[in-house]
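J.: The structure that follows is given in the form of structure tokens.
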Amino acid sequence: MLRNLMCLGALVLLGVTGCSSDTDVSDAGGGEALVVAPLAAQAAVSEDGRCSNYAPSGVPLFGDLHVHTSYSFDAAANATGATPADAHRYARGEAIPFFPIGEDGKPMGTAQIDRPLDFLAVTDHGEFLGERALCTTVDSPMYGTQFCTDFRADQRQGMMMLATSITTETPARIAAVCGADGALCPEFAKGPWQDVQDAANTANDPCAFTSFVAYEYTGTPGTSNYHRNVIFRNDVVPASPVSYIDAPIDSKLWAGLEVACDEAAGCDYLTIPHNTNLSNGRMAPYMKLENSVAAKRAYAETRLRREPIMEIFQHKGGSECINGLSSVFGAPDELCNVEAVRRMGENKTYVTRDLSSGSLKLGQASEVTTECAPGETGSNGMLGAGCVHPTDFQRSALVVGLAEEQEIGLNPIKLGIIASTDTHSANPGGVQENGWQGAVTGESNSAARLQPGLLTSGIDGNPGGLAGVWAKQNTRDDIFDAMLNREVFGTSGPRIAPRLFAGWEFAGSLCDANDRDAQGYAAGVPMGGDLPSLAAGDTQKPRFLAHANKDASGGDLVALQLIKGWVSADGKLNTAVLPMAQSAAGASSLCSVYTDESFDAALSAYYYLRVLEAPSPRWHTYDCAKLPAENRPAVCSNGDYPDTVQEMAWSSPIWYRPQTES
């Protein structure tokens with residue numbers, strides 16, 4: 001239960017020793033004013049080509065980089081008919097057709113975001129654009145086949161009929177719809193892919209609203225999550241998406257994109273792994289590579305260039321951390337359980353499926369969540385089952401990366417942090433707990449959302465989070481560069497704006513400086529960066545400038561925490577939660593200059609900022625209240641789900657690597 005989560009958070013803070021804070025300002029009185037509202041109303045292009053609201057030290061922009069519409073084979077939006085263009089309309093503040101669905105099969109309701117977003121990437125699945133077009137286009141050569149007839153008969157069954165081809169490690173086109181040589185599906189994917197491009201390029205409005213051409217690479221081997229979103233810098237993109245069917249491993253995805261994305265013509269891309277909490281160890285680096293330092297270094301070089309960030313939170317839960325890993329040492333963190341769909345030692349009931357008879361059959365099974373054995377990968381993570389690996393969660397994965405760097409000289413898990421919704425209902429950024437309208441099939445009304453879902457959805461799901469960037473202006477290049485530089489952050493929904501700098505000489509009074517961020521850049525490095533190395537034995541201690549502003553429409557902030565990971569001299573992997581600032585009464589902003597007195601210049605380490613909002617009602621309490629008392633399911637009263645949620649935000653990490661002997 002999280003009713004007393006603020007108290008539990010305070011206990012976590014008070015239980016950490018060995019570090020000191022030069023200032024502990026609960027409500028920052030000085031410093032640069034943060035712009036936390038969307039900037040569209042202020043935007044224009046000035047005579048020098050810059051946006052009129054250009055800010056040298058950057059402003060926080062909020063968006064969603066993980067969104068599905070009816071162009072995705074598994075989207076709830078297939079019932080409403082919402083398109084990529086509709087998702088852009090929603091993101092910019094317009095109402096779009098939404099559930100419920102009337103007897104005529106058309107949407108009767110509407111959905112509208114509370115505040116427009118600053119940027120968006122619609123990421124419909126790249127795998128089945130052609131398959132879906134063949135089965136839903138009346139004059140296609142496959143429309144009347146038995147496969148397509150069965151596909152259209154039931155949305156969930158149609159989803160499973162396609163999904164089975166990507167749950168294997170050797171995916172292939174489905175001959176029954178793509179033809180014996182598989183050529184029909186890539187051909188029929190061209191139209192939807194062009195629609196995706198047109199919607200993004202039409203909506204893109206420099207200085208006011210940024211839209212990226214994007215898609216999702218949807219690998220699900222062993223029904224484990226192996227998904228990545230592919231984001232392109234501009235309108236120069238490949239002729240077709242490089243999908244899991246084309247490239248069933250991450251290294252092949254990047255190799256395929258290197259060929260398809262013509263750098264000389266101006267094409268540029270990055271990839272973002274998402275909801276790794278369901279990956280059963282398959283997001284570990286070096287999958288299917290030869291066991292050599294050369295191969296591992298080549299992999300790390302590509303990943304460092306092309307995969308700079310990961311998604312820490314979305315509607316399928318949090319991927320920050322999990323308690324109980326035997327290979328990572330650290331005190332239990334109660335906040336790892338916030339919107340967690342996996343807990344070590346928990347007996348988890350999950351939905352099973354069987355397509356062997358030619359029709360979809362659903363059942364239930366249960367198993368205790370355990371840690372993967374060394375070298376093991378699990379299965380069924382997308383159903384909430386299978387073993388858990390340290391690389392399934394950001395905090396432990398980052399320290400695994402530090403250890404790998406000691407072995408090969410490069411860090412293959414050097415990932416910044418964003419969050420998004422993964423909505424399949426074309427409603428990007430619809431994250432309000434008190435107004436959630438559902439994300440996937442089976443969540444279209446209050447009664448349905450309060451039931452267990454097919455995947456980690458329904459009562460186990462949540463409205464999702466938002467991606468944040470610190471950018472000088474709202475343009476494709478500036479936001480894309482911020483992602484490459486890892487100067488990004490994620491939130492569990494509210495528009496909290498966190499910022500983190502690290503340096504060796506920060507003044508203790510920096511929170512009160514009007515130019516504190518400019519000083520942070522001048523005398524240190526921002527989140528996503530690397531602290532300059534020190535020689536072993538150097539006694540300097542890193543100092544951190546951390547600050548955050550609350551969401552103007554959200555709750556007050558109650559704490560700043562610095563999350564640290566390091567590899568000790570004996571090779572053990574360690575993490576800790578370090579208190580920076582807190583306000584029992586809540587504050588509109590928090591700021592702290594903090595010194596890590598336990599720092600050892602000989603040990604690799606990382607640090608990221610976590611910002612906590614005061615606990616607030618969880619989404620299901622609002623849905624319960626909408627139903628008559630006699631119609632409320634047991635989850636409304638049995639205490640199995642917490643009545644409150646601790647909203648939070650996370651900065652990207654800052655890394656430290658010891659000086660090596662030449």
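Residues are named by chain letter and number: chains run A, B, ... in the order of the structure tokens, numbers start at 1 in each chain, and ligands are numbered from 1 in the order shown.
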Within 6 Å of region 151-166 of chain A, counting only C-alpha atoms, which residues qualify if same-chain residues fewer than 4 places away don't, as a list of chain:residue names?

T.: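 Counting only the stated atoms, we get A:Phe73, A:Asp74, A:Pro171, A:Gly219, A:Thr220, A:Leu360.
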
J.: Show which residues sit within 12 Å of Pro412 (chain A), as a ChimeraX atom specification. Count only C-alpha atoms, and ignore same-chain residues fewer than 5 positions away.

T.: /A:283-287,295-309,391,397-407

J.: List every residue of region 115-304 of chain A that DSSP, applied to the backbone, labels as alpha helix (DSSP H), and write the result as a VMD selection string.

T.: chain A and resid 129 to 136 146 to 153 155 to 163 175 to 178 184 to 203 250 to 260 293 to 304

J.: Given only C-alpha atoms as the basis, pick out the residue of A:Ser319, A:Asn549, A:Gln197, A:Ser292 nearest to Pro494 (chain A).

T.: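 Of the candidates, the smallest distance to Pro494 (chain A) is held by A:Asn549.
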
J.: Fewer than 5 positions away in the same chain doesn't count, so skip those; otherwise give me all residues within 10 Å of Cys624 (chain A), counting only C-alpha atoms, as a PyMOL selection string.

T.: chain A and resi 446-447+449-450+619+629+631-637

J.: I'd like to know which of A:Thr168, A:Ser240, A:Thr621, A:Asn427 is closest to Phe128 (chain A), using only C-alpha atoms.

T.: A:Ser240

J.: Applying 7 Å and only C-alpha atoms, which residues near region 540-546 of chain A remain after dropping the ones on its own chain fewer than 2 positions away? List them as a ChimeraX atom specification.

T.: /A:499-504,506,538,591-597,599

J.: Save out the residues we just selected, N, CA and C atoms, as a compact mmCIF listing (two decimals), in the first residue's frame.

T.:
```txt
# COMPACT_ATOMS: atom_id res chain seq x y z
N ARG A 499 16.52 19.07 -13.50
CA ARG A 499 17.80 19.37 -14.15
C ARG A 499 18.94 19.00 -13.22
N LEU A 500 20.02 18.46 -13.81
CA LEU A 500 21.17 18.00 -13.04
C LEU A 500 22.46 18.40 -13.74
N PHE A 501 23.37 18.99 -12.97
CA PHE A 501 24.73 19.29 -13.42
C PHE A 501 25.70 18.69 -12.40
N ALA A 502 26.93 18.40 -12.86
CA ALA A 502 27.97 17.93 -11.95
C ALA A 502 29.28 18.63 -12.28
N GLY A 503 30.06 18.91 -11.26
CA GLY A 503 31.36 19.55 -11.45
C GLY A 503 32.20 19.40 -10.20
N TRP A 504 33.40 19.92 -10.24
CA TRP A 504 34.32 19.81 -9.11
C TRP A 504 34.38 21.08 -8.27
N PHE A 506 31.61 23.66 -7.92
CA PHE A 506 30.37 24.42 -7.74
C PHE A 506 30.32 25.08 -6.37
N ASP A 538 43.26 11.00 -5.90
CA ASP A 538 42.82 12.39 -5.85
C ASP A 538 41.68 12.50 -4.85
N CYS A 591 15.76 22.88 -4.95
CA CYS A 591 17.12 23.02 -5.48
C CYS A 591 18.12 22.61 -4.41
N SER A 592 19.22 22.01 -4.83
CA SER A 592 20.26 21.63 -3.89
C SER A 592 21.61 21.58 -4.59
N VAL A 593 22.65 21.99 -3.86
CA VAL A 593 24.02 21.73 -4.26
C VAL A 593 24.54 20.68 -3.29
N TYR A 594 25.01 19.58 -3.82
CA TYR A 594 25.25 18.39 -3.01
C TYR A 594 26.65 17.85 -3.29
N THR A 595 27.34 17.41 -2.25
CA THR A 595 28.65 16.80 -2.38
C THR A 595 28.58 15.33 -2.02
N ASP A 596 29.10 14.47 -2.88
CA ASP A 596 29.16 13.05 -2.57
C ASP A 596 30.45 12.77 -1.81
N GLU A 597 30.36 12.78 -0.49
CA GLU A 597 31.53 12.59 0.35
C GLU A 597 32.06 11.15 0.30
N PHE A 599 32.56 9.51 -2.43
CA PHE A 599 33.16 9.32 -3.75
C PHE A 599 34.60 8.82 -3.65
```

J.: Under the rule that only C-alpha atoms are counted, which of A:Ser70, A:Gln364, A:Thr210, A:Asn445 is the nearest residue to Ala121 (chain A)?

T.: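 Smallest separation from Ala121 (chain A) among the options: A:Thr210.
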
J.: Taking 5 positions as the minimum chain separation for residues in the same chain, which residues sit within 7 Å of Gln659 (chain A) when counting only C-alpha atoms? Answer as a list of chain:residue names.

T.: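 What passes the distance filter is A:Ser533, A:Leu534, A:Ala535.
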
J.: Can you work out the spacing between CA of Gly281 (chain A) and CA of Ile563 (chain A) in Å, to one decimal?

T.: 22.4 Å

J.: Mind checking which residues fall within 10 Å of region 373-376 of chain A, counting only C-alpha atoms, ignoring those fewer than 2 positions away in the same chain, and posting them as JSON, numbers by chain?

T.: {"A": [280, 281, 282, 327, 370, 371, 378, 387, 388, 389]}

J.: Go through A:Ile654, A:Ala518, A:Ile459, A:Ala175 one by one, measure the shortest atom-to-atom distance of each to Glu487 (chain A) using only C-alpha atoms, and give the residue with the smallest value.

T.: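 The answer is A:Ile654, which sits nearest to Glu487 (chain A).
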
J.: Rounded to one decimal in Å, what is the spacing between CA of Tyr350 (chain A) and CA of Ala448 (chain A)?

T.: 16.9 Å

J.: Which residues of region 66-175 of chain A sit at most 8 Å from region 416-422 of chain A, using only C-alpha atoms? Give each one's shortest atom pair and distance in Å (one decimal place), in chain and ascending residue order, as JSON lines.

T.:
```
{"residue": "A:His66", "atom": "CA", "partner": "A:Asp422", "partner_atom": "CA", "distance": 4.8}
{"residue": "A:Val67", "atom": "CA", "partner": "A:Asp422", "partner_atom": "CA", "distance": 5.2}
{"residue": "A:His68", "atom": "CA", "partner": "A:Asp422", "partner_atom": "CA", "distance": 6.9}
```

J.: Export, as a CSV table (one decimal), in the first residue's frame, the selected residues with N, CA and C atoms.

T.:
```csv
chain,number,residue,atom,x,y,z
A,66,HIS,N,6.3,7.6,-28.2
A,66,HIS,CA,5.8,6.2,-28.3
A,66,HIS,C,4.3,6.2,-28.4
A,67,VAL,N,3.8,6.3,-29.6
A,67,VAL,CA,2.4,6.4,-29.9
A,67,VAL,C,1.9,5.6,-31.0
A,68,HIS,N,0.8,4.9,-30.9
A,68,HIS,CA,0.2,4.1,-31.9
A,68,HIS,C,-1.2,4.5,-32.3
```

J.: Would you kindly return, as a list in words, each protein, DNA or RNA residue with an atom no farther than 12 Å from any atom of Val138 (chain A), considering only C-alpha atoms and excluding same-chain residues fewer than 6 positions away?

T.: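 So, after excluding close chain neighbours, the residues are Arg132, Gly144, Thr145, Cys148, Thr149 and Arg152 of chain A.
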
J.: Residues as selected, N, CA and C atoms, written as a compact mmCIF listing (two decimals), in the first residue's frame, can you do that?

T.:
```txt
# COMPACT_ATOMS: atom_id res chain seq x y z
N ARG A 132 -1.62 -5.51 -42.68
CA ARG A 132 -2.89 -4.92 -42.31
C ARG A 132 -3.57 -4.26 -43.50
N GLY A 144 -10.10 -11.13 -49.74
CA GLY A 144 -11.11 -12.19 -49.62
C GLY A 144 -10.57 -13.52 -49.17
N THR A 145 -9.28 -13.62 -48.84
CA THR A 145 -8.72 -14.89 -48.39
C THR A 145 -9.25 -15.26 -47.01
N CYS A 148 -7.46 -13.30 -44.20
CA CYS A 148 -7.91 -11.92 -43.98
C CYS A 148 -9.34 -11.87 -43.45
N THR A 149 -10.16 -12.83 -43.86
CA THR A 149 -11.53 -12.88 -43.32
C THR A 149 -11.49 -13.14 -41.82
N ARG A 152 -10.20 -10.05 -39.88
CA ARG A 152 -11.19 -8.97 -39.67
C ARG A 152 -12.30 -9.37 -38.72
```

J.: By how many Å are CA of Ala482 (chain A) and CA of Thr83 (chain A) apart?

T.: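 Computed distance, CA of Ala482 (chain A) to CA of Thr83 (chain A), equals 28.0 Å.
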
J.: When you count only C-alpha atoms, which of these residues is closest to Gly222 (chain A): A:Leu278, A:Leu335, A:Ala576, A:Leu410?

T.: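 Result for the nearest residue to Gly222 (chain A): A:Leu278.
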
J.: Just list as a ChimeraX atom specification whatever in region 231-458 of chain A DSSP marks as strand (DSSP E).

T.: /A:231-232,269-273,309-311,313-314,317-318,328-329,347-354,361-368,416-418

J.: Keeping only C-alpha atoms, write the selected residues as a tab-separated table (two decimals), in the first residue's frame.

T.:
```
chain	number	residue	atom	x	y	z
A	231	ILE	CA	13.30	8.18	-34.65
A	232	PHE	CA	14.54	10.08	-37.71
A	269	TYR	CA	18.37	8.21	-36.88
A	270	LEU	CA	18.46	6.98	-33.29
A	271	THR	CA	16.78	4.07	-31.54
A	272	ILE	CA	15.09	3.90	-28.13
A	273	PRO	CA	14.48	0.60	-26.28
A	309	ILE	CA	18.45	6.82	-24.44
A	310	MET	CA	15.86	4.37	-23.12
A	311	GLU	CA	12.26	4.58	-21.97
A	313	PHE	CA	8.22	4.50	-17.79
A	314	GLN	CA	5.07	3.89	-19.86
A	317	GLY	CA	4.81	0.16	-15.81
A	318	GLY	CA	8.18	1.37	-14.62
A	328	VAL	CA	23.40	-5.80	-7.39
A	329	PHE	CA	23.94	-4.60	-3.82
A	347	ASN	CA	3.38	-15.09	-7.40
A	348	LYS	CA	2.15	-13.52	-10.62
A	349	THR	CA	-1.00	-14.64	-12.44
A	350	TYR	CA	-0.80	-13.96	-16.15
A	351	VAL	CA	-2.83	-14.58	-19.28
A	352	THR	CA	-1.81	-17.38	-21.63
A	353	ARG	CA	-2.80	-17.86	-25.24
A	354	ASP	CA	-3.05	-20.83	-27.61
A	361	LYS	CA	-7.85	-19.44	-26.74
A	362	LEU	CA	-7.13	-17.58	-23.53
A	363	GLY	CA	-6.27	-19.13	-20.21
A	364	GLN	CA	-4.41	-18.31	-17.00
A	365	ALA	CA	-1.25	-19.51	-15.34
A	366	SER	CA	0.87	-18.32	-12.44
A	367	GLU	CA	4.51	-18.39	-11.47
A	368	VAL	CA	6.83	-16.79	-8.96
A	416	GLY	CA	19.85	8.53	-20.96
A	417	ILE	CA	16.25	8.57	-19.73
A	418	ILE	CA	12.91	9.46	-21.27
```
